[in-house]
file structure_35.pdb (PDB, C-alpha atoms)
ATOM      1  CA  MET A   1      30.946  10.692  -6.375
ATOM      2  CA  ARG A   2      30.697   6.956  -5.837
ATOM      3  CA  GLY A   3      27.469   5.681  -4.307
ATOM      4  CA  ARG A   4      27.278   3.477  -1.267
ATOM      5  CA  ALA A   5      27.863  -0.186  -2.039
ATOM      6  CA  LYS A   6      24.802  -2.392  -2.316
ATOM      7  CA  PRO A   7      24.168  -4.174   1.001
ATOM      8  CA  PRO A   8      24.653  -7.932   1.125
ATOM      9  CA  ALA A   9      21.686 -10.231   0.698
ATOM     10  CA  ALA A  10      19.648 -10.923   3.819
ATOM     11  CA  PRO A  11      20.678 -14.180   5.509
ATOM     12  CA  LEU A  12      17.213 -14.609   7.043
ATOM     13  CA  PRO A  13      14.104 -15.655   5.127
ATOM     14  CA  GLN A  14      10.905 -13.660   5.229
ATOM     15  CA  ARG A  15       8.494 -14.303   8.075
ATOM     16  CA  ALA A  16       4.781 -14.189   7.235
ATOM     17  CA  GLY A  17       5.715 -12.441   3.977
ATOM     18  CA  VAL A  18       7.659  -9.664   5.747
ATOM     19  CA  ASP A  19      11.373  -8.990   5.187
ATOM     20  CA  PRO A  20      13.803  -9.026   8.111
ATOM     21  CA  VAL A  21      14.999  -5.651   9.359
ATOM     22  CA  ARG A  22      18.527  -4.680   8.291
ATOM     23  CA  VAL A  23      20.775  -2.691  10.632
ATOM     24  CA  ARG A  24      23.954  -1.015   9.383
ATOM     25  CA  PHE A  25      26.445   0.034  12.037
ATOM     26  CA  PRO A  26      27.472   3.693  11.555
ATOM     27  CA  ALA A  27      30.857   5.236  12.297
ATOM     28  CA  ASP A  28      31.637   5.548  16.016
ATOM     29  CA  LEU A  29      34.201   8.342  16.196
ATOM     30  CA  ALA A  30      33.507   8.980  19.890
ATOM     31  CA  GLY A  31      33.931   5.328  20.877
ATOM     32  CA  ALA A  32      30.472   5.184  22.440
ATOM     33  CA  TRP A  33      29.845   1.537  21.522
ATOM     34  CA  PRO A  34      32.669  -0.802  22.536
ATOM     35  CA  THR A  35      30.546  -3.893  21.826
ATOM     36  CA  VAL A  36      27.688  -5.013  19.608
ATOM     37  CA  ARG A  37      25.418  -5.040  22.659
ATOM     38  CA  ASP A  38      26.241  -1.424  23.492
ATOM     39  CA  HIS A  39      25.103  -0.238  20.081
ATOM     40  CA  LEU A  40      21.969  -2.381  19.929
ATOM     41  CA  LEU A  41      20.915  -1.194  23.374
ATOM     42  CA  ASP A  42      21.464   2.417  22.376
ATOM     43  CA  ARG A  43      19.492   1.874  19.205
ATOM     44  CA  PHE A  44      16.554  -0.269  20.317
ATOM     45  CA  ALA A  45      16.214  -0.335  24.112
ATOM     46  CA  GLY A  46      14.105   2.823  24.092
ATOM     47  CA  ALA A  47      11.547   1.134  21.856
ATOM     48  CA  VAL A  48      11.465  -2.455  23.133
ATOM     49  CA  GLY A  49      13.377  -2.358  26.424
ATOM     50  CA  ALA A  50      16.894  -3.473  27.347
ATOM     51  CA  GLY A  51      15.610  -6.852  28.503
ATOM     52  CA  ARG A  52      14.146  -7.633  25.076
ATOM     53  CA  VAL A  53      17.372  -6.630  23.310
ATOM     54  CA  ASP A  54      19.381  -8.889  25.618
ATOM     55  CA  ALA A  55      16.924 -11.733  25.113
ATOM     56  CA  MET A  56      17.235 -11.416  21.333
ATOM     57  CA  LEU A  57      21.035 -11.511  21.613
ATOM     58  CA  ASP A  58      20.812 -14.604  23.805
ATOM     59  CA  GLU A  59      18.444 -16.229  21.297
ATOM     60  CA  GLY A  60      20.764 -15.488  18.374
ATOM     61  CA  SER A  61      18.160 -13.283  16.710
ATOM     62  CA  PHE A  62      20.677 -10.772  15.286
ATOM     63  CA  VAL A  63      22.335 -12.443  12.300
ATOM     64  CA  GLY A  64      25.251 -11.266  10.169
ATOM     65  CA  ALA A  65      25.717 -11.547   6.412
ATOM     66  CA  ASP A  66      27.544 -14.844   6.913
ATOM     67  CA  GLY A  67      24.490 -16.351   8.616
ATOM     68  CA  ARG A  68      26.197 -16.376  12.032
ATOM     69  CA  ALA A  69      24.409 -15.013  15.081
ATOM     70  CA  ALA A  70      26.094 -11.945  16.586
ATOM     71  CA  ARG A  71      27.384 -12.231  20.157
ATOM     72  CA  ALA A  72      26.709  -9.483  22.680
ATOM     73  CA  ASP A  73      30.390  -9.073  23.582
ATOM     74  CA  GLU A  74      31.758  -8.866  20.029
ATOM     75  CA  PRO A  75      33.697  -5.644  19.329
ATOM     76  CA  TYR A  76      31.721  -2.992  17.519
ATOM     77  CA  THR A  77      32.679  -2.654  13.824
ATOM     78  CA  ALA A  78      31.464   0.286  11.766
ATOM     79  CA  GLY A  79      29.873  -0.694   8.457
ATOM     80  CA  ARG A  80      28.725  -4.104   9.660
ATOM     81  CA  HIS A  81      25.242  -5.332   8.763
ATOM     82  CA  LEU A  82      22.941  -7.357  11.004
ATOM     83  CA  TRP A  83      19.430  -8.611  10.326
ATOM     84  CA  PHE A  84      16.608  -9.567  12.662
ATOM     85  CA  HIS A  85      12.876 -10.194  12.616
ATOM     86  CA  ARG A  86      10.762  -7.654  14.428
ATOM     87  CA  ASP A  87       8.159  -8.757  16.940
ATOM     88  CA  PHE A  88       4.815  -8.406  15.196
ATOM     89  CA  ALA A  89       2.094  -6.733  17.209
ATOM     90  CA  PRO A  90      -1.224  -8.617  17.171
ATOM     91  CA  GLU A  91      -3.265  -7.661  14.103
ATOM     92  CA  GLU A  92      -6.946  -8.189  13.479
ATOM     93  CA  PRO A  93      -7.194 -10.582  10.506
ATOM     94  CA  VAL A  94      -8.938  -9.086   7.484
ATOM     95  CA  PRO A  95     -11.549 -11.799   6.838
ATOM     96  CA  PHE A  96     -11.567 -11.635   3.043
ATOM     97  CA  PRO A  97      -9.432 -13.527   0.522
ATOM     98  CA  VAL A  98      -7.057 -11.824  -1.878
ATOM     99  CA  GLY A  99      -8.089 -12.624  -5.426
ATOM    100  CA  VAL A 100      -5.639 -13.101  -8.291
ATOM    101  CA  VAL A 101      -7.035 -12.220 -11.726
ATOM    102  CA  HIS A 102      -3.754 -12.773 -13.595
ATOM    103  CA  ARG A 103      -0.378 -14.337 -12.899
ATOM    104  CA  ASP A 104       2.653 -14.943 -15.101
ATOM    105  CA  ASP A 105       6.415 -14.978 -14.586
ATOM    106  CA  ARG A 106       6.537 -11.162 -14.285
ATOM    107  CA  LEU A 107       3.170  -9.962 -13.020
ATOM    108  CA  VAL A 108       0.505 -10.697 -10.467
ATOM    109  CA  ILE A 109      -2.691  -8.688 -10.842
ATOM    110  CA  ALA A 110      -4.292  -8.885  -7.414
ATOM    111  CA  ASP A 111      -7.925  -8.189  -6.511
ATOM    112  CA  LYS A 112      -7.500  -6.497  -3.125
ATOM    113  CA  PRO A 113     -10.437  -6.645  -0.717
ATOM    114  CA  HIS A 114     -11.619  -3.678   1.286
ATOM    115  CA  PHE A 115      -9.828  -3.036   4.612
ATOM    116  CA  LEU A 116      -6.514  -4.598   3.517
ATOM    117  CA  ALA A 117      -3.536  -2.219   3.285
ATOM    118  CA  THR A 118      -1.342  -2.598   0.213
ATOM    119  CA  THR A 119       2.087  -2.540   1.885
ATOM    120  CA  PRO A 120       3.372  -3.044   5.450
ATOM    121  CA  ARG A 121       3.284   0.229   7.330
ATOM    122  CA  GLY A 122       2.491   1.347  10.857
ATOM    123  CA  ARG A 123       0.119  -1.047  12.591
ATOM    124  CA  HIS A 124      -0.666  -2.952   9.375
ATOM    125  CA  VAL A 125       2.203  -5.364   8.688
ATOM    126  CA  THR A 126       1.229  -8.994   8.197
ATOM    127  CA  GLN A 127      -2.351  -8.081   7.279
ATOM    128  CA  THR A 128      -1.349  -6.416   4.030
ATOM    129  CA  LEU A 129      -1.680  -7.354   0.389
ATOM    130  CA  VAL A 130       2.068  -7.722  -0.131
ATOM    131  CA  ALA A 131       2.707  -9.860   2.947
ATOM    132  CA  ARG A 132      -0.227 -12.147   2.299
ATOM    133  CA  LEU A 133       0.540 -12.677  -1.381
ATOM    134  CA  ARG A 134       4.242 -13.316  -0.755
ATOM    135  CA  ASP A 135       3.301 -15.925   1.807
ATOM    136  CA  GLU A 136       0.391 -17.508  -0.082
ATOM    137  CA  LEU A 137       2.040 -17.586  -3.527
ATOM    138  CA  GLY A 138       5.620 -18.261  -2.409
ATOM    139  CA  LEU A 139       6.905 -15.121  -4.150
ATOM    140  CA  PRO A 140       9.360 -13.430  -1.743
ATOM    141  CA  GLU A 141      10.313 -10.593  -4.132
ATOM    142  CA  LEU A 142       6.736  -9.601  -4.979
ATOM    143  CA  GLN A 143       6.186  -5.829  -4.796
ATOM    144  CA  PRO A 144       3.379  -3.498  -5.891
ATOM    145  CA  ALA A 145       3.979  -1.035  -8.712
ATOM    146  CA  HIS A 146       1.382   1.335  -7.192
ATOM    147  CA  ARG A 147      -0.941   1.486  -4.192
ATOM    148  CA  LEU A 148      -4.589   1.504  -3.285
ATOM    149  CA  ASP A 149      -5.939   3.015  -0.093
ATOM    150  CA  ARG A 150      -6.620   0.448   2.613
ATOM    151  CA  LEU A 151     -10.369   1.115   2.414
ATOM    152  CA  THR A 152     -10.530   0.861  -1.397
ATOM    153  CA  ALA A 153     -10.973  -2.531  -3.068
ATOM    154  CA  GLY A 154      -9.858  -3.682  -6.495
ATOM    155  CA  LEU A 155      -6.942  -4.210  -8.824
ATOM    156  CA  VAL A 156      -3.296  -3.793  -7.842
ATOM    157  CA  LEU A 157      -0.445  -4.487 -10.278
ATOM    158  CA  CYS A 158       2.401  -6.356  -8.562
ATOM    159  CA  VAL A 159       5.730  -7.464 -10.004
ATOM    160  CA  VAL A 160       7.130 -10.919  -9.271
ATOM    161  CA  ARG A 161      10.786  -9.831  -9.410
ATOM    162  CA  ALA A 162      11.968  -6.699  -7.657
ATOM    163  CA  GLY A 163      14.148  -5.757 -10.631
ATOM    164  CA  ASP A 164      11.068  -5.314 -12.846
ATOM    165  CA  ARG A 165       9.351  -2.858 -10.541
ATOM    166  CA  GLY A 166      10.819   0.299 -12.051
ATOM    167  CA  ALA A 167       9.512  -0.404 -15.547
ATOM    168  CA  TYR A 168       5.937  -0.806 -14.319
ATOM    169  CA  GLN A 169       6.127   2.069 -11.841
ATOM    170  CA  THR A 170       7.109   4.270 -14.775
ATOM    171  CA  LEU A 171       3.793   3.433 -16.467
ATOM    172  CA  PHE A 172       1.918   4.943 -13.531
ATOM    173  CA  ARG A 173       4.293   7.889 -13.191
ATOM    174  CA  ASP A 174       3.891   8.770 -16.864
ATOM    175  CA  ARG A 175       0.102   8.249 -16.790
ATOM    176  CA  LEU A 176       0.229   5.390 -19.268
ATOM    177  CA  VAL A 177      -2.217   3.240 -17.307
ATOM    178  CA  ARG A 178      -5.943   3.706 -17.825
ATOM    179  CA  LYS A 179      -7.586   3.273 -14.428
ATOM    180  CA  GLU A 180     -11.333   2.918 -14.123
ATOM    181  CA  TYR A 181     -13.094   2.978 -10.762
ATOM    182  CA  GLU A 182     -16.654   2.271  -9.772
ATOM    183  CA  ALA A 183     -18.374   4.027  -6.877
ATOM    184  CA  VAL A 184     -21.748   4.284  -5.175
ATOM    185  CA  ALA A 185     -22.730   7.727  -3.914
ATOM    186  CA  PRO A 186     -25.826   9.942  -3.627
ATOM    187  CA  TYR A 187     -27.724  10.760  -6.812
ATOM    188  CA  ASP A 188     -28.353  14.435  -7.554
ATOM    189  CA  PRO A 189     -30.609  14.989 -10.582
ATOM    190  CA  ALA A 190     -29.612  18.657 -10.653
ATOM    191  CA  LEU A 191     -25.933  17.839 -11.204
ATOM    192  CA  THR A 192     -24.852  17.768 -14.844
ATOM    193  CA  LEU A 193     -22.747  14.711 -15.650
ATOM    194  CA  PRO A 194     -20.424  13.615 -17.094
ATOM    195  CA  ARG A 195     -17.911  16.249 -16.104
ATOM    196  CA  THR A 196     -14.182  16.573 -15.503
ATOM    197  CA  VAL A 197     -13.101  17.848 -12.099
ATOM    198  CA  ARG A 198      -9.744  19.595 -11.722
ATOM    199  CA  SER A 199      -8.406  21.036  -8.477
ATOM    200  CA  ARG A 200      -5.362  21.411  -6.287
ATOM    201  CA  ILE A 201      -5.321  18.699  -3.610
ATOM    202  CA  VAL A 202      -3.120  19.052  -0.540
ATOM    203  CA  LYS A 203      -2.431  16.193   1.884
ATOM    204  CA  GLU A 204      -0.628  17.243   5.052
ATOM    205  CA  ARG A 205       1.452  14.763   7.009
ATOM    206  CA  GLY A 206      -0.375  13.519  10.077
ATOM    207  CA  VAL A 207      -3.759  14.803   8.875
ATOM    208  CA  ILE A 208      -6.211  12.109   7.815
ATOM    209  CA  ALA A 209      -8.204  14.082   5.262
ATOM    210  CA  ALA A 210      -6.814  15.683   2.138
ATOM    211  CA  ARG A 211      -8.218  19.059   1.121
ATOM    212  CA  GLU A 212      -8.629  21.257  -1.904
ATOM    213  CA  ALA A 213      -6.631  24.480  -1.921
ATOM    214  CA  LEU A 214      -6.113  27.538  -4.071
ATOM    215  CA  GLY A 215      -3.477  27.288  -6.767
ATOM    216  CA  PRO A 216      -2.767  25.439 -10.001
ATOM    217  CA  ALA A 217      -4.640  22.151 -10.364
ATOM    218  CA  ASN A 218      -2.601  19.028  -9.644
ATOM    219  CA  SER A 219      -5.444  16.504  -9.936
ATOM    220  CA  GLU A 220      -8.002  15.547 -12.561
ATOM    221  CA  SER A 221     -10.928  13.106 -12.498
ATOM    222  CA  ARG A 222     -13.745  12.400 -14.930
ATOM    223  CA  VAL A 223     -17.064  11.553 -13.267
ATOM    224  CA  GLU A 224     -19.782   9.657 -15.167
ATOM    225  CA  LEU A 225     -23.183   8.512 -13.913
ATOM    226  CA  LEU A 226     -23.870   4.941 -15.029
ATOM    227  CA  GLU A 227     -27.319   4.487 -13.465
ATOM    228  CA  HIS A 228     -29.363   5.480 -10.435
ATOM    229  CA  ARG A 229     -31.843   3.863  -8.103
ATOM    230  CA  GLY A 230     -33.809   6.180  -5.857
ATOM    231  CA  THR A 231     -31.371   8.353  -3.913
ATOM    232  CA  LEU A 232     -28.206   6.454  -4.942
ATOM    233  CA  GLY A 233     -26.173   6.471  -8.116
ATOM    234  CA  ARG A 234     -23.529   4.163  -9.544
ATOM    235  CA  TYR A 235     -20.616   6.080 -11.032
ATOM    236  CA  ARG A 236     -17.643   5.455 -13.282
ATOM    237  CA  LEU A 237     -14.626   7.459 -12.141
ATOM    238  CA  LEU A 238     -11.621   7.951 -14.422
ATOM    239  CA  PRO A 239      -8.643   9.552 -12.652
ATOM    240  CA  ALA A 240      -6.009  11.132 -14.883
ATOM    241  CA  THR A 241      -3.749  11.738 -11.865
ATOM    242  CA  GLY A 242      -3.143   9.843  -8.647
ATOM    243  CA  ARG A 243      -3.309  12.163  -5.646
ATOM    244  CA  THR A 244      -4.042  10.730  -2.208
ATOM    245  CA  HIS A 245      -7.829  10.307  -1.758
ATOM    246  CA  GLN A 246      -8.331  12.080  -5.083
ATOM    247  CA  LEU A 247     -11.592  10.439  -6.112
ATOM    248  CA  ARG A 248     -13.061  10.721  -2.630
ATOM    249  CA  VAL A 249     -12.129  14.415  -2.451
ATOM    250  CA  HIS A 250     -13.555  15.183  -5.904
ATOM    251  CA  MET A 251     -16.812  13.317  -5.309
ATOM    252  CA  ASN A 252     -17.254  15.043  -1.962
ATOM    253  CA  ALA A 253     -16.615  18.424  -3.610
ATOM    254  CA  LEU A 254     -19.474  17.669  -6.020
ATOM    255  CA  GLY A 255     -21.763  16.998  -3.076
ATOM    256  CA  LEU A 256     -21.589  13.245  -3.715
ATOM    257  CA  PRO A 257     -19.605  11.741  -0.828
ATOM    258  CA  LEU A 258     -19.076   8.011  -1.299
ATOM    259  CA  VAL A 259     -21.283   5.657   0.671
ATOM    260  CA  ASN A 260     -19.592   4.539   3.929
ATOM    261  CA  ASP A 261     -16.723   7.007   3.629
ATOM    262  CA  PRO A 262     -15.404   7.571   7.175
ATOM    263  CA  VAL A 263     -13.367  10.649   6.210
ATOM    264  CA  TYR A 264     -15.388  12.754   3.744
ATOM    265  CA  PRO A 265     -17.232  14.954   4.403
ATOM    266  CA  VAL A 266     -16.589  14.394   8.153
ATOM    267  CA  VAL A 267     -13.717  12.493   9.768
ATOM    268  CA  GLU A 268     -15.326   9.874  11.985
ATOM    269  CA  PRO A 269     -13.645   8.584  15.162
ATOM    270  CA  GLU A 270     -11.500   5.540  14.433
ATOM    271  CA  GLN A 271     -13.142   2.330  15.555
ATOM    272  CA  GLU A 272     -11.325  -0.250  17.668
ATOM    273  CA  HIS A 273     -12.452  -2.962  15.248
ATOM    274  CA  ALA A 274     -13.049  -2.526  11.524
ATOM    275  CA  GLU A 275     -16.678  -2.314  10.454
ATOM    276  CA  TYR A 276     -16.475  -5.034   7.839
ATOM    277  CA  GLY A 277     -20.172  -4.711   7.081
ATOM    278  CA  ARG A 278     -19.743  -1.082   5.954
ATOM    279  CA  PRO A 279     -17.021  -1.052   3.275
ATOM    280  CA  LEU A 280     -16.219   2.142   1.418
ATOM    281  CA  GLN A 281     -18.109   1.973  -1.852
ATOM    282  CA  LEU A 282     -15.106   2.448  -4.117
ATOM    283  CA  LEU A 283     -13.644  -0.211  -6.394
ATOM    284  CA  ALA A 284     -10.615  -0.084  -8.709
ATOM    285  CA  ARG A 285     -12.403  -1.986 -11.443
ATOM    286  CA  VAL A 286     -10.202  -1.836 -14.568
ATOM    287  CA  LEU A 287      -6.496  -1.523 -15.387
ATOM    288  CA  GLU A 288      -5.395  -1.099 -19.018
ATOM    289  CA  PHE A 289      -1.813  -0.644 -20.203
ATOM    290  CA  THR A 290       0.768  -1.751 -22.719
ATOM    291  CA  ASP A 291       3.337  -4.028 -21.129
ATOM    292  CA  PRO A 292       6.681  -2.153 -21.048
ATOM    293  CA  VAL A 293       8.611  -5.435 -21.349
ATOM    294  CA  THR A 294       6.684  -7.365 -24.016
ATOM    295  CA  GLY A 295       4.728  -4.590 -25.755
ATOM    296  CA  GLU A 296       1.553  -6.630 -25.223
ATOM    297  CA  PRO A 297      -1.690  -4.733 -24.504
ATOM    298  CA  HIS A 298      -3.394  -5.715 -21.253
ATOM    299  CA  ARG A 299      -6.860  -5.154 -19.857
ATOM    300  CA  PHE A 300      -7.782  -6.556 -16.458
ATOM    301  CA  GLU A 301     -11.123  -6.325 -14.667
ATOM    302  CA  SER A 302     -11.897  -6.883 -11.005
ATOM    303  CA  GLY A 303     -14.144  -9.746  -9.989
ATOM    304  CA  LEU A 304     -15.343  -7.841  -6.916
ATOM    305  CA  ARG A 305     -18.637  -5.974  -6.639
ATOM    306  CA  LEU A 306     -19.806  -3.094  -4.470
ATOM    307  CA  SER A 307     -22.207  -4.264  -1.768
ATOM    308  CA  ALA A 308     -24.387  -1.133  -1.891
ATOM    309  CA  TRP A 309     -25.325  -1.945  -5.491
ATOM    310  CA  PRO A 310     -26.562  -5.563  -5.543
ATOM    311  CA  GLY A 311     -27.484  -7.339  -8.722
ATOM    312  CA  ARG A 312     -24.364  -6.680 -10.770
TER     313      ARG A 312
END
call {"tool": "encode", "arguments": {"input": "structure_35.pdb", "output": "structure tokens"}}
result
Amino acid sequence: MRGRAKPPAAPLPQRAGVDPVRVRFPADLAGAWPTVRDHLLDRFAGAVGAGRVDAMLDEGSFVGADGRAARADEPYTAGRHLWFHRDFAPEEPVPFPVGVVHRDDRLVIADKPHFLATTPRGRHVTQTLVARLRDELGLPELQPAHRLDRLTAGLVLCVVRAGDRGAYQTLFRDRLVRKEYEAVAPYDPALTLPRTVRSRIVKERGVIAAREALGPANSESRVELLEHRGTLGRYRLLPATGRTHQLRVHMNALGLPLVNDPVYPVVEPEQEHAEYGRPLQLLARVLEFTDPVTGEPHRFESGLRLSAWPGR
């Protein structure tokens, strides 16, 4: 079976590091959409209102592959592509810079601050690592090869060209990247460390917290105590797998919930404004891998430090 043809290139540039939205007109066997306007109203009026759709048509905001703005009264044509820029909802700026620890013609190794999402999603669009780096570095194809939670700081491997993404994603899929995290959590002198934690982690759609469940283990983390001061310890965490919230779940299961974790052991009410003075004490500190393109070994280390452990 032949696959669907690759869509044409977008005629609109990115805006604030975010790609335009592409719309493909489906088949209209019932003749429900005589004109372009009819379809766009059917598709978007429920979300943004008919008046906004009409205003965008009047402004020439819907653009075809040839770079020409679509007219409202044009006949509907199945298979046609249009692009437009969404209206960005106001976002609270994350007041921390994105560091870059390495950059070449293939890779950008970013040092993501706490509170910054990795990719545009939901209510985080322009205030994301990808959007900010595309805009700041002038790299429109930049994409991450993996993700960090919004609340976790540290290293993210990004590719400069979209075509290279698969090779580096495969490194993470096949567990060929050594990832080292640092965390601050309670110190328990009765707990024997180091140890390897294995469990089955389940993350249900729409539920904030992941949970451990009965069944074969699908996650593995090594936990090492580096040092302790009073009631707090500084830990090295070495995940062998990459389940959602894995390190946070495993540390909580050991009775060592991370400092400033708003989800484990108890999900706290979401705040209207981020508490920038209380970052989750989890840092993706080291990435090590052999480059799948050049064969060169790489080791990168974050320049960030955890605020609950001053002096490092």
call {"tool": "atom_distance", "arguments": {"input": "structure_35.pdb", "atom1": "CA of Val259 (chain A)", "atom2": "CA of Pro186 (chain A)"}}
result
7.6 Å
call {"tool": "atom_distance", "arguments": {"input": "structure_35.pdb", "atom1": "CA of Ala89 (chain A)", "atom2": "CA of Glu136 (chain A)"}}
result
20.4 Å
call {"tool": "residues_around", "arguments": {"input": "structure_35.pdb", "residues": "Ala209 (chain A)", "least_positions_apart": "2", "cutoff": "8 Å", "atoms": "all atoms listed in the file", "output": "PyMOL selection string"}}
result
chain A and resi 203+207+211+245+263-264+267
call {"tool": "residues_around", "arguments": {"input": "structure_35.pdb", "residues": "Ala69 (chain A)", "least_positions_apart": "5", "cutoff": "9 Å", "atoms": "only C-alpha atoms", "output": "PyMOL selection string"}}
result
chain A and resi 57+59-64+82
call {"tool": "write_last_selection", "arguments": {"input": "structure_35.pdb", "atoms": "C-alpha atoms", "output": "PDB file, in the coordinates of the input"}}
result
ATOM      1  CA  LEU A  57      21.035 -11.511  21.613  1.00  0.00           C
ATOM      2  CA  GLU A  59      18.444 -16.229  21.297  1.00  0.00           C
ATOM      3  CA  GLY A  60      20.764 -15.488  18.374  1.00  0.00           C
ATOM      4  CA  SER A  61      18.160 -13.283  16.710  1.00  0.00           C
ATOM      5  CA  PHE A  62      20.677 -10.772  15.286  1.00  0.00           C
ATOM      6  CA  VAL A  63      22.335 -12.443  12.300  1.00  0.00           C
ATOM      7  CA  GLY A  64      25.251 -11.266  10.169  1.00  0.00           C
ATOM      8  CA  LEU A  82      22.941  -7.357  11.004  1.00  0.00           C
TER       9      LEU A  82
END
call {"tool": "atom_distance", "arguments": {"input": "structure_35.pdb", "atom1": "CA of Arg173 (chain A)", "atom2": "CA of Val18 (chain A)"}}
result
26.0 Å
call {"tool": "resolve_selection", "arguments": {"input": "structure_35.pdb", "expression": "the PyMOL selection byres ((chain A and resi 22) around 8)", "output": "PyMOL selection string"}}
result
chain A and resi 10+20-21+23-24+81-84
call {"tool": "write_last_selection", "arguments": {"input": "structure_35.pdb", "atoms": "C-alpha atoms", "output": "compact mmCIF listing (two decimals), keeping the file's coordinate frame"}}
result
# COMPACT_ATOMS: atom_id res chain seq x y z
CA ALA A 10 19.65 -10.92 3.82
CA PRO A 20 13.80 -9.03 8.11
CA VAL A 21 15.00 -5.65 9.36
CA VAL A 23 20.78 -2.69 10.63
CA ARG A 24 23.95 -1.01 9.38
CA HIS A 81 25.24 -5.33 8.76
CA LEU A 82 22.94 -7.36 11.00
CA TRP A 83 19.43 -8.61 10.33
CA PHE A 84 16.61 -9.57 12.66
call {"tool": "residues_around", "arguments": {"input": "structure_35.pdb", "residues": "Leu254 (chain A)", "least_positions_apart": "5", "cutoff": "12 Å", "atoms": "only C-alpha atoms", "output": "JSON list (two decimals) with C-alpha atoms, in the coordinates of the input"}}
result
[["chain", "number", "residue", "atom", "x", "y", "z"],
["A", 185, "ALA", "CA", -22.73, 7.73, -3.91],
["A", 186, "PRO", "CA", -25.83, 9.94, -3.63],
["A", 187, "TYR", "CA", -27.72, 10.76, -6.81],
["A", 188, "ASP", "CA", -28.35, 14.44, -7.55],
["A", 190, "ALA", "CA", -29.61, 18.66, -10.65],
["A", 191, "LEU", "CA", -25.93, 17.84, -11.20],
["A", 192, "THR", "CA", -24.85, 17.77, -14.84],
["A", 193, "LEU", "CA", -22.75, 14.71, -15.65],
["A", 194, "PRO", "CA", -20.42, 13.62, -17.09],
["A", 195, "ARG", "CA", -17.91, 16.25, -16.10],
["A", 196, "THR", "CA", -14.18, 16.57, -15.50],
["A", 197, "VAL", "CA", -13.10, 17.85, -12.10],
["A", 198, "ARG", "CA", -9.74, 19.60, -11.72],
["A", 199, "SER", "CA", -8.41, 21.04, -8.48],
["A", 221, "SER", "CA", -10.93, 13.11, -12.50],
["A", 222, "ARG", "CA", -13.74, 12.40, -14.93],
["A", 223, "VAL", "CA", -17.06, 11.55, -13.27],
["A", 247, "LEU", "CA", -11.59, 10.44, -6.11],
["A", 248, "ARG", "CA", -13.06, 10.72, -2.63],
["A", 249, "VAL", "CA", -12.13, 14.42, -2.45],
["A", 264, "TYR", "CA", -15.39, 12.75, 3.74],
["A", 265, "PRO", "CA", -17.23, 14.95, 4.40]]
call {"tool": "closest_residue", "arguments": {"input": "structure_35.pdb", "among": "A:Ala65, A:Ala72, A:Val160, A:Val53", "to": "Arg103 (chain A)", "atoms": "only C-alpha atoms"}}
result
A:Val160
call {"tool": "resolve_selection", "arguments": {"input": "structure_35.pdb", "expression": "the PyMOL selection byres ((chain A and resi 107) around 6)", "output": "mmCIF file with C-alpha atoms, keeping the file's coordinate frame"}}
result
data_model
loop_
_atom_site.group_PDB
_atom_site.id
_atom_site.type_symbol
_atom_site.label_atom_id
_atom_site.label_comp_id
_atom_site.auth_asym_id
_atom_site.auth_seq_id
_atom_site.Cartn_x
_atom_site.Cartn_y
_atom_site.Cartn_z
ATOM 1 C CA ARG A 103 -0.378 -14.337 -12.899
ATOM 2 C CA ASP A 104 2.653 -14.943 -15.101
ATOM 3 C CA ARG A 106 6.537 -11.162 -14.285
ATOM 4 C CA VAL A 108 0.505 -10.697 -10.467
ATOM 5 C CA CYS A 158 2.401 -6.356 -8.562
ATOM 6 C CA VAL A 159 5.730 -7.464 -10.004
ATOM 7 C CA VAL A 160 7.130 -10.919 -9.271
#
call {"tool": "resolve_selection", "arguments": {"input": "structure_35.pdb", "expression": "the PyMOL selection byres ((chain A and resi 100) around 6)", "output": "number ranges by chain"}}
result
A: 99, 101-102, 109-111
call {"tool": "residues_around", "arguments": {"input": "structure_35.pdb", "residues": "Asn260 (chain A)", "least_positions_apart": "6", "cutoff": "8 Å", "atoms": "only C-alpha atoms", "output": "VMD selection string"}}
result
chain A and resid 278 to 281
call {"tool": "residues_near_point", "arguments": {"input": "structure_35.pdb", "point": "(-0.1, 9.4, -4.5)", "cutoff": "12 Å", "atoms": "only C-alpha atoms", "output": "MDAnalysis selection string"}}
result
chainID A and resid 145:149 172:173 201:203 210 218:219 239 241:247
call {"tool": "closest_residue", "arguments": {"input": "structure_35.pdb", "among": "A:Pro262, A:Pro140, A:Pro90, A:Pro97", "to": "Arg123 (chain A)", "atoms": "all atoms listed in the file"}}
result
A:Pro90
call {"tool": "residues_around", "arguments": {"input": "structure_35.pdb", "residues": "Arg285 (chain A)", "least_positions_apart": "3", "cutoff": "7 Å", "atoms": "all atoms listed in the file", "output": "list in words"}}
result
Gly154, Leu155, Glu180, Tyr181, Glu182, Glu301 and Ser302 of chain A
call {"tool": "closest_residue", "arguments": {"input": "structure_35.pdb", "among": "A:Leu142, A:Leu214, A:Ala162, A:Val156", "to": "Phe300 (chain A)", "atoms": "all atoms listed in the file"}}
result
A:Val156
